[in-house]
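Q: The structure under discussion is supplied below as structure tokens; questions concerning it will follow.
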2 protein chains.
Amino acid sequence: METDYSNNIKIIHEGTITDVPDFFASSCHCGLRKFREDFCILYTPEETCCSGMFTSNKFAAAPVIVSKEQLTKTRDIRAIVISSGIANACTGLPGIENAKHTIELASRYLNLNTENILVASTGRIGKQLPMDKVERGISICSKNLSRVGGHNAARAILTIDKNSKEIAIKYTGNQNDKINIKNNEITIGGMAKGSVMIEPDMATTLVFLAADVKISSVLLDEALRECVDNTFNCVSTDGCQSTNDMILMLTNGASGNEIAERDKNFNDFKNALFFVLKALSLKVIEDAEGATKIIEINVINAHNKLEARSLGKKIANSILFKTAMFGEDLNWGRIAAAIGSVEHQIDQNKVDIYLDDIQVMKNGQANDFDIEHGNKLMKNKNLKFVVDLKAGNDSAKIYTNDISYDYIKINAEYKKQK
Amino acid sequence: METDYSNNIKIIHEGTITDVPDFFASSCHCGLRKFREDFCILYTPEETCCSGMFTSNKFAAAPVIVSKEQLTKTRDIRAIVISSGIANACTGLPGIENAKHTIELASRYLNLNTENILVASTGRIGKQLPMDKVERGISICSKNLSRVGGHNAARAILTIDKNSKEIAIKYTGNQNDKINIKNNEITIGGMAKGSVMIEPDMATTLVFLAADVKISSVLLDEALRECVDNTFNCVSTDGCQSTNDMILMLTNGASGNEIAERDKNFNDFKNALFFVLKALSLKVIEDAEGATKIIEINVINAHNKLEARSLGKKIANSILFKTAMFGEDLNWGRIAAAIGSVEHQIDQNKVDIYLDDIQVMKNGQANDFDIEHGNKLMKNKNLKFVVDLKAGNDSAKIYTNDISYDYIKINAEYKKQK
């Protein structure tokens, strides 16, 4: 799904989620963590259509369970309450009650019906939310909602991320007789959080998106699923799946543009949404804990998409591959070993592997290449591998990072950093 | 399969594979590596029954492909030729030819039929075997076969392992009217190699076993499969699967003891073989690159064995869990997240997690425990976790290690160490 979207997409300079008309955000320090802001609310006064994707983890956190349930009541979501520092995962019934109580408090302070509110959390597993602090957060944030609150909100949802991850774009909606286009311009904004536990088998990490189109839940679900499958579900830092991941998208129709059917306007919307999600997912990879390399693995000519993706993930999640990348060792044998460990039918005598412009493996065997040149390429920050299976016509690009001493340090000392 | 085997099993002090009657070994430095011995032959003049388990990796190395094929011709294997330093993997048809040529050379020097010989290799992927050096190795080793060659052979098969891994035991065969028992004593010896790429989905690493019983191929296959499934297939250091792994067992009947049916003698044999394989698999874990912790994960009360094992593996292979262990952080949330990421149906509200004598999670929630005591336990080298699913009656024990700075160092700098 890599269309030429550049024609009509403009990236807003230092854009943020509140660049999307009629979206408001606020953040504060309510005390879930020691120093940094740890609480925020995203809000729109308009009726919305919301679509959500959630972790498939069996230890799904309370906010995941509760928000999923909320979306079965209505898709008209006006506010998302996000807390950072405590995951509200592995917290049993009290955790569920706290998530529901958070919604009730937000309903009171924001003057909304409870069914129009979702919750999300990230942080350490196993702790209950201190509800007095949560109420303080809601009380402060509900009073400070602002059309320029995006940047601070994007910082407040972080845990051990180094950088906030946000983007906003505008694109030109295409005139179409059937569609009511007011100003011919659509805005999509988003913010994400994540630097570990990022695995492709789910809607990963925390991502919040806003757009000012009007769109049905069926079409929004379809667009979000398709775009996430090709972006966040193709990104892996450590193969570990989290209990709290969710991607939520709110569309409030403020632009007056409506996407009513699967036409060119829908495709333009999907292209723009893909652009936003791809940018956010790459920001996550770039911020991966202790990473020194950004690695693209392009699996081509697979029997099918699933095969291409699972092969790419196997390589991306191989610790031996990741450590070789950190050591700038063009050890393509570890790529071959990772490919070979999938369940799919692979003919080893057909497989080619490339690093940028050099072919390191040809028909399953070592290829004669300029080793000096290979070693030089390995010193680059961005590495592009192509694995050609010569089996079919499908392909998938997976993005990952290396594993360094700092990854170990950051994750071994997670407790001390809190 | 944890029977009380202690009654009749005696560990031979500094035992090795050539403690098994009529088994010979020799080793040498033929030049596949710079300094250390890199070549060895295991040999018995007697007729044998051989059983083998091989990697399921689609990039199976040439020696795996050729040895598997050899075993379809006859189970009477008299010699195994093992080279270290070059894996002969990803070497295409020339690699296959070299493996076959190794067998032909060994056949000539050892005066055996080619079908009675197997080959195994370990080392760097993608290089062809220099056949002049291989011939030198065969020439030297065939002249020096010795009944005390086991220890040196066990060293020659290593790559970046720190220590050699060997064991030999004797146990008392049970008198049984139907069975011809000569001296009532059976010896089993083994040697193993492996410190990375150790994953449970296969017969992992290189393991060579010898016993002096007479046994049919059907019963030997059954015993080996069962024992490997509960030992080497329950061990994981990094979740990476290798192209070269194999486990080969030769039984030469030199003791005069015959195991003819699934009776008490067969069970005694399986218990003894389990003991040997368990000891070797733990030696592999203890030698895992850069490991500072030996971790047992006992998943109990699962719906079935498969579920128990795949859950245990998910935890064992979680980088976040491994780094937390290295950091001595009792971050049981990472265990829960790993459990939750399996495809099996898990009811999070039933799951309990223990570290030694303390319960850290109860019914899916944080349990109130003495944190000081927990932190003290985490300082131990050996950590025992129990995950109780309260769903069924099956269980599995998985063994793994932590991931330290040294793992990264060793694997990032693999090339430099060669």
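Here's how to read the names in the structure tokens: chain A, B, ... by the order shown, residue numbers from 1 in each chain, ligand numbers from 1 in the order shown.
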Hey, what's within 8 Å of Val284 of chain A if we count only C-alpha atoms and toss same-chain stuff fewer than 4 positions away? As an mmCIF file with C-alpha atoms, in the first residue's frame, please?

A:
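So selection.cif came out as:
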```cif
data_model
loop_
_atom_site.group_PDB
_atom_site.id
_atom_site.type_symbol
_atom_site.label_atom_id
_atom_site.label_comp_id
_atom_site.auth_asym_id
_atom_site.auth_seq_id
_atom_site.Cartn_x
_atom_site.Cartn_y
_atom_site.Cartn_z
ATOM 1 C CA LYS A 165 6.110 11.350 18.661
ATOM 2 C CA ALA A 192 2.180 7.978 19.850
ATOM 3 C CA LYS A 193 4.024 6.503 22.766
ATOM 4 C CA GLY A 194 6.284 3.477 22.760
ATOM 5 C CA SER A 195 9.862 2.370 22.935
ATOM 6 C CA LEU A 280 4.551 7.760 13.822
ATOM 7 C CA ALA A 288 13.691 2.443 20.481
#
```

Q: Hey, which bits of chain B sit within 8 Å of chain A, and for each residue what's the closest pair of atoms and how far apart in Å (one decimal), counting only C-alpha atoms, rows by chain and increasing number, as JSON lines?

A:
```
{"residue": "B:Ser56", "atom": "CA", "partner": "A:Ser341", "partner_atom": "CA", "distance": 7.2}
{"residue": "B:Asn57", "atom": "CA", "partner": "A:Gly340", "partner_atom": "CA", "distance": 4.7}
{"residue": "B:Lys58", "atom": "CA", "partner": "A:Gly340", "partner_atom": "CA", "distance": 4.1}
{"residue": "B:Phe59", "atom": "CA", "partner": "A:Gly340", "partner_atom": "CA", "distance": 4.9}
{"residue": "B:Ala60", "atom": "CA", "partner": "A:Gly340", "partner_atom": "CA", "distance": 7.6}
{"residue": "B:Cys90", "atom": "CA", "partner": "A:Gln365", "partner_atom": "CA", "distance": 4.7}
{"residue": "B:Thr91", "atom": "CA", "partner": "A:Gln365", "partner_atom": "CA", "distance": 4.9}
{"residue": "B:Gly92", "atom": "CA", "partner": "A:Gln365", "partner_atom": "CA", "distance": 5.6}
{"residue": "B:Arg124", "atom": "CA", "partner": "A:Gly333", "partner_atom": "CA", "distance": 7.6}
{"residue": "B:Ile125", "atom": "CA", "partner": "A:Gly333", "partner_atom": "CA", "distance": 5.1}
{"residue": "B:Gly126", "atom": "CA", "partner": "A:Ala366", "partner_atom": "CA", "distance": 5.2}
{"residue": "B:Lys127", "atom": "CA", "partner": "A:Ala366", "partner_atom": "CA", "distance": 7.1}
{"residue": "B:Met197", "atom": "CA", "partner": "A:Leu320", "partner_atom": "CA", "distance": 7.8}
{"residue": "B:Asp238", "atom": "CA", "partner": "A:Ile319", "partner_atom": "CA", "distance": 6.7}
{"residue": "B:Gly239", "atom": "CA", "partner": "A:Ser318", "partner_atom": "CA", "distance": 7.5}
{"residue": "B:Cys240", "atom": "CA", "partner": "A:Ser318", "partner_atom": "CA", "distance": 6.3}
{"residue": "B:Gln241", "atom": "CA", "partner": "A:Ser341", "partner_atom": "CA", "distance": 6.1}
{"residue": "B:Ser242", "atom": "CA", "partner": "A:Ala337", "partner_atom": "CA", "distance": 5.8}
{"residue": "B:Thr243", "atom": "CA", "partner": "A:Ala337", "partner_atom": "CA", "distance": 5.8}
{"residue": "B:Ser318", "atom": "CA", "partner": "A:Cys240", "partner_atom": "CA", "distance": 6.3}
{"residue": "B:Ile319", "atom": "CA", "partner": "A:Asp238", "partner_atom": "CA", "distance": 6.7}
{"residue": "B:Leu320", "atom": "CA", "partner": "A:Asn411", "partner_atom": "CA", "distance": 6.6}
{"residue": "B:Thr323", "atom": "CA", "partner": "A:Ala412", "partner_atom": "CA", "distance": 4.8}
{"residue": "B:Ala324", "atom": "CA", "partner": "A:Ala412", "partner_atom": "CA", "distance": 4.6}
{"residue": "B:Met325", "atom": "CA", "partner": "A:Ala412", "partner_atom": "CA", "distance": 7.2}
{"residue": "B:Phe326", "atom": "CA", "partner": "A:Ala412", "partner_atom": "CA", "distance": 6.0}
{"residue": "B:Gly327", "atom": "CA", "partner": "A:Ala412", "partner_atom": "CA", "distance": 4.1}
{"residue": "B:Glu328", "atom": "CA", "partner": "A:Ala412", "partner_atom": "CA", "distance": 7.5}
{"residue": "B:Asp329", "atom": "CA", "partner": "A:Lys415", "partner_atom": "CA", "distance": 6.8}
{"residue": "B:Gly333", "atom": "CA", "partner": "A:Ile125", "partner_atom": "CA", "distance": 5.0}
{"residue": "B:Arg334", "atom": "CA", "partner": "A:Ile125", "partner_atom": "CA", "distance": 7.9}
{"residue": "B:Ala336", "atom": "CA", "partner": "A:Phe59", "partner_atom": "CA", "distance": 6.6}
{"residue": "B:Ala337", "atom": "CA", "partner": "A:Thr243", "partner_atom": "CA", "distance": 5.8}
{"residue": "B:Ala338", "atom": "CA", "partner": "A:Gln241", "partner_atom": "CA", "distance": 6.9}
{"residue": "B:Ile339", "atom": "CA", "partner": "A:Lys58", "partner_atom": "CA", "distance": 7.6}
{"residue": "B:Gly340", "atom": "CA", "partner": "A:Lys58", "partner_atom": "CA", "distance": 4.0}
{"residue": "B:Ser341", "atom": "CA", "partner": "A:Asn57", "partner_atom": "CA", "distance": 4.7}
{"residue": "B:Val342", "atom": "CA", "partner": "A:Asn57", "partner_atom": "CA", "distance": 7.6}
{"residue": "B:Gln345", "atom": "CA", "partner": "A:Lys58", "partner_atom": "CA", "distance": 7.6}
{"residue": "B:Ile346", "atom": "CA", "partner": "A:Lys58", "partner_atom": "CA", "distance": 6.2}
{"residue": "B:Asp347", "atom": "CA", "partner": "A:Lys58", "partner_atom": "CA", "distance": 7.3}
{"residue": "B:Gln348", "atom": "CA", "partner": "A:Phe59", "partner_atom": "CA", "distance": 5.6}
{"residue": "B:Asn349", "atom": "CA", "partner": "A:Gly92", "partner_atom": "CA", "distance": 6.6}
{"residue": "B:Asn363", "atom": "CA", "partner": "A:Gly92", "partner_atom": "CA", "distance": 7.7}
{"residue": "B:Gly364", "atom": "CA", "partner": "A:Cys90", "partner_atom": "CA", "distance": 5.4}
{"residue": "B:Gln365", "atom": "CA", "partner": "A:Cys90", "partner_atom": "CA", "distance": 4.7}
{"residue": "B:Ala366", "atom": "CA", "partner": "A:Gly126", "partner_atom": "CA", "distance": 5.2}
{"residue": "B:Ile403", "atom": "CA", "partner": "A:Ile408", "partner_atom": "CA", "distance": 7.6}
{"residue": "B:Ser404", "atom": "CA", "partner": "A:Ile408", "partner_atom": "CA", "distance": 6.7}
{"residue": "B:Tyr405", "atom": "CA", "partner": "A:Tyr405", "partner_atom": "CA", "distance": 5.7}
{"residue": "B:Ile408", "atom": "CA", "partner": "A:Thr323", "partner_atom": "CA", "distance": 5.8}
{"residue": "B:Lys409", "atom": "CA", "partner": "A:Tyr405", "partner_atom": "CA", "distance": 8.0}
{"residue": "B:Asn411", "atom": "CA", "partner": "A:Thr323", "partner_atom": "CA", "distance": 5.8}
{"residue": "B:Ala412", "atom": "CA", "partner": "A:Gly327", "partner_atom": "CA", "distance": 4.1}
{"residue": "B:Glu413", "atom": "CA", "partner": "A:Gly327", "partner_atom": "CA", "distance": 5.7}
{"residue": "B:Tyr414", "atom": "CA", "partner": "A:Ala324", "partner_atom": "CA", "distance": 7.8}
{"residue": "B:Lys415", "atom": "CA", "partner": "A:Asp329", "partner_atom": "CA", "distance": 6.8}
```

Q: Tell me, in Å to one decimal, how far atom CA of Thr122 of chain B is from atom CA of Arg78 of chain B.

A: 20.6 Å

Q: Check the DSSP output for the backbone and give back, as a PyMOL selection string, the residues of segment 105-279 of chain B in strand (DSSP E).

A: chain B and resi 117-124+165-172+185-193+206-211+213-215+235-236+246-251+257-259

Q: Only N, CA and C atoms, please: the residues just picked out, written as a tab-separated table (two decimals), in the first residue's frame.

A:
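What follows is the written file part.tsv:
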```tsv
chain	number	residue	atom	x	y	z
B	117	ILE	N	28.39	-44.18	8.08
B	117	ILE	CA	29.05	-42.96	8.58
B	117	ILE	C	28.11	-41.76	8.50
B	118	LEU	N	28.12	-40.94	9.55
B	118	LEU	CA	27.37	-39.68	9.54
B	118	LEU	C	28.34	-38.51	9.69
B	119	VAL	N	27.86	-37.31	9.34
B	119	VAL	CA	28.66	-36.10	9.51
B	119	VAL	C	27.87	-35.04	10.28
B	120	ALA	N	28.59	-34.20	11.00
B	120	ALA	CA	27.98	-33.07	11.71
B	120	ALA	C	28.96	-31.91	11.66
B	121	SER	N	28.44	-30.68	11.60
B	121	SER	CA	29.31	-29.50	11.58
B	121	SER	C	28.69	-28.39	12.41
B	122	THR	N	29.54	-27.49	12.88
B	122	THR	CA	29.09	-26.31	13.59
B	122	THR	C	30.07	-25.19	13.33
B	123	GLY	N	29.57	-23.96	13.32
B	123	GLY	CA	30.46	-22.82	13.10
B	123	GLY	C	29.79	-21.75	12.26
B	124	ARG	N	30.57	-20.96	11.59
B	124	ARG	CA	30.04	-19.84	10.81
B	124	ARG	C	29.33	-20.33	9.54
B	165	LYS	N	30.93	-30.00	27.57
B	165	LYS	CA	29.75	-30.52	28.25
B	165	LYS	C	29.70	-32.01	28.04
B	166	GLU	N	29.98	-32.77	29.08
B	166	GLU	CA	29.98	-34.22	28.93
B	166	GLU	C	29.52	-34.89	30.21
B	167	ILE	N	29.11	-36.12	30.06
B	167	ILE	CA	28.67	-36.91	31.21
B	167	ILE	C	28.68	-38.38	30.81
B	168	ALA	N	28.90	-39.22	31.79
B	168	ALA	CA	28.69	-40.65	31.58
B	168	ALA	C	28.11	-41.23	32.87
B	169	ILE	N	27.19	-42.15	32.71
B	169	ILE	CA	26.57	-42.78	33.88
B	169	ILE	C	26.50	-44.30	33.67
B	170	LYS	N	26.36	-44.98	34.78
B	170	LYS	CA	26.07	-46.42	34.73
B	170	LYS	C	24.78	-46.65	35.50
B	171	TYR	N	23.99	-47.56	35.03
B	171	TYR	CA	22.84	-47.95	35.83
B	171	TYR	C	22.65	-49.46	35.74
B	172	THR	N	21.92	-49.97	36.71
B	172	THR	CA	21.74	-51.40	36.79
B	172	THR	C	20.51	-51.81	36.01
B	185	GLU	N	24.78	-54.30	33.87
B	185	GLU	CA	25.16	-52.89	33.99
B	185	GLU	C	25.17	-52.24	32.61
B	186	ILE	N	24.54	-51.08	32.52
B	186	ILE	CA	24.46	-50.38	31.24
B	186	ILE	C	25.12	-49.01	31.40
B	187	THR	N	25.88	-48.61	30.39
B	187	THR	CA	26.56	-47.32	30.42
B	187	THR	C	25.99	-46.41	29.33
B	188	ILE	N	25.74	-45.16	29.70
B	188	ILE	CA	25.33	-44.15	28.71
B	188	ILE	C	26.26	-42.96	28.87
B	189	GLY	N	26.81	-42.50	27.77
B	189	GLY	CA	27.69	-41.32	27.80
B	189	GLY	C	27.26	-40.34	26.75
B	190	GLY	N	27.62	-39.06	26.96
B	190	GLY	CA	27.24	-38.07	25.96
B	190	GLY	C	28.12	-36.84	26.01
B	191	MET	N	28.12	-36.12	24.90
B	191	MET	CA	28.80	-34.82	24.86
B	191	MET	C	27.93	-33.87	24.04
B	192	ALA	N	27.98	-32.59	24.42
B	192	ALA	CA	27.15	-31.60	23.75
B	192	ALA	C	27.94	-30.34	23.49
B	193	LYS	N	27.41	-29.56	22.55
B	193	LYS	CA	28.00	-28.29	22.18
B	193	LYS	C	26.89	-27.29	22.01
B	206	LEU	N	24.43	-29.41	19.06
B	206	LEU	CA	25.01	-30.71	18.70
B	206	LEU	C	25.11	-31.57	19.95
B	207	VAL	N	24.52	-32.73	19.90
B	207	VAL	CA	24.60	-33.68	21.03
B	207	VAL	C	24.91	-35.06	20.47
B	208	PHE	N	25.90	-35.72	21.05
B	208	PHE	CA	26.24	-37.08	20.64
B	208	PHE	C	26.16	-37.99	21.86
B	209	LEU	N	25.46	-39.11	21.70
B	209	LEU	CA	25.23	-40.01	22.81
B	209	LEU	C	25.63	-41.42	22.43
B	210	ALA	N	26.09	-42.15	23.41
B	210	ALA	CA	26.45	-43.54	23.17
B	210	ALA	C	25.93	-44.39	24.32
B	211	ALA	N	25.50	-45.59	24.01
B	211	ALA	CA	25.09	-46.52	25.06
B	211	ALA	C	25.44	-47.93	24.60
B	213	VAL	N	23.68	-50.69	25.10
B	213	VAL	CA	22.54	-51.62	25.06
B	213	VAL	C	22.27	-52.04	23.63
B	214	LYS	N	21.54	-53.14	23.53
B	214	LYS	CA	20.99	-53.51	22.23
B	214	LYS	C	19.51	-53.10	22.26
B	215	ILE	N	19.08	-52.39	21.27
B	215	ILE	CA	17.70	-51.90	21.28
B	215	ILE	C	17.26	-51.70	19.83
B	235	VAL	N	14.76	-26.20	26.76
B	235	VAL	CA	15.86	-25.30	27.09
B	235	VAL	C	15.90	-24.21	26.03
B	236	SER	N	16.02	-22.98	26.43
B	236	SER	CA	16.08	-21.90	25.46
B	236	SER	C	17.00	-20.81	25.96
B	246	MET	N	21.78	-31.11	15.63
B	246	MET	CA	21.38	-32.52	15.59
B	246	MET	C	21.74	-33.22	16.88
B	247	ILE	N	20.95	-34.23	17.17
B	247	ILE	CA	21.23	-35.10	18.30
B	247	ILE	C	21.34	-36.50	17.73
B	248	LEU	N	22.48	-37.14	17.94
B	248	LEU	CA	22.67	-38.49	17.42
B	248	LEU	C	22.99	-39.44	18.56
B	249	MET	N	22.34	-40.56	18.58
B	249	MET	CA	22.62	-41.56	19.61
B	249	MET	C	22.98	-42.89	18.96
B	250	LEU	N	24.11	-43.44	19.39
B	250	LEU	CA	24.55	-44.75	18.91
B	250	LEU	C	24.46	-45.76	20.04
B	251	THR	N	23.89	-46.91	19.76
B	251	THR	CA	23.84	-47.98	20.77
B	251	THR	C	24.49	-49.21	20.16
B	257	ASN	N	23.25	-56.37	27.15
B	257	ASN	CA	21.87	-56.13	27.58
B	257	ASN	C	21.00	-55.76	26.39
B	258	GLU	N	19.84	-56.38	26.33
B	258	GLU	CA	18.93	-56.03	25.26
B	258	GLU	C	17.61	-55.49	25.81
B	259	ILE	N	17.16	-54.41	25.21
B	259	ILE	CA	15.85	-53.89	25.56
B	259	ILE	C	14.92	-54.24	24.41
```
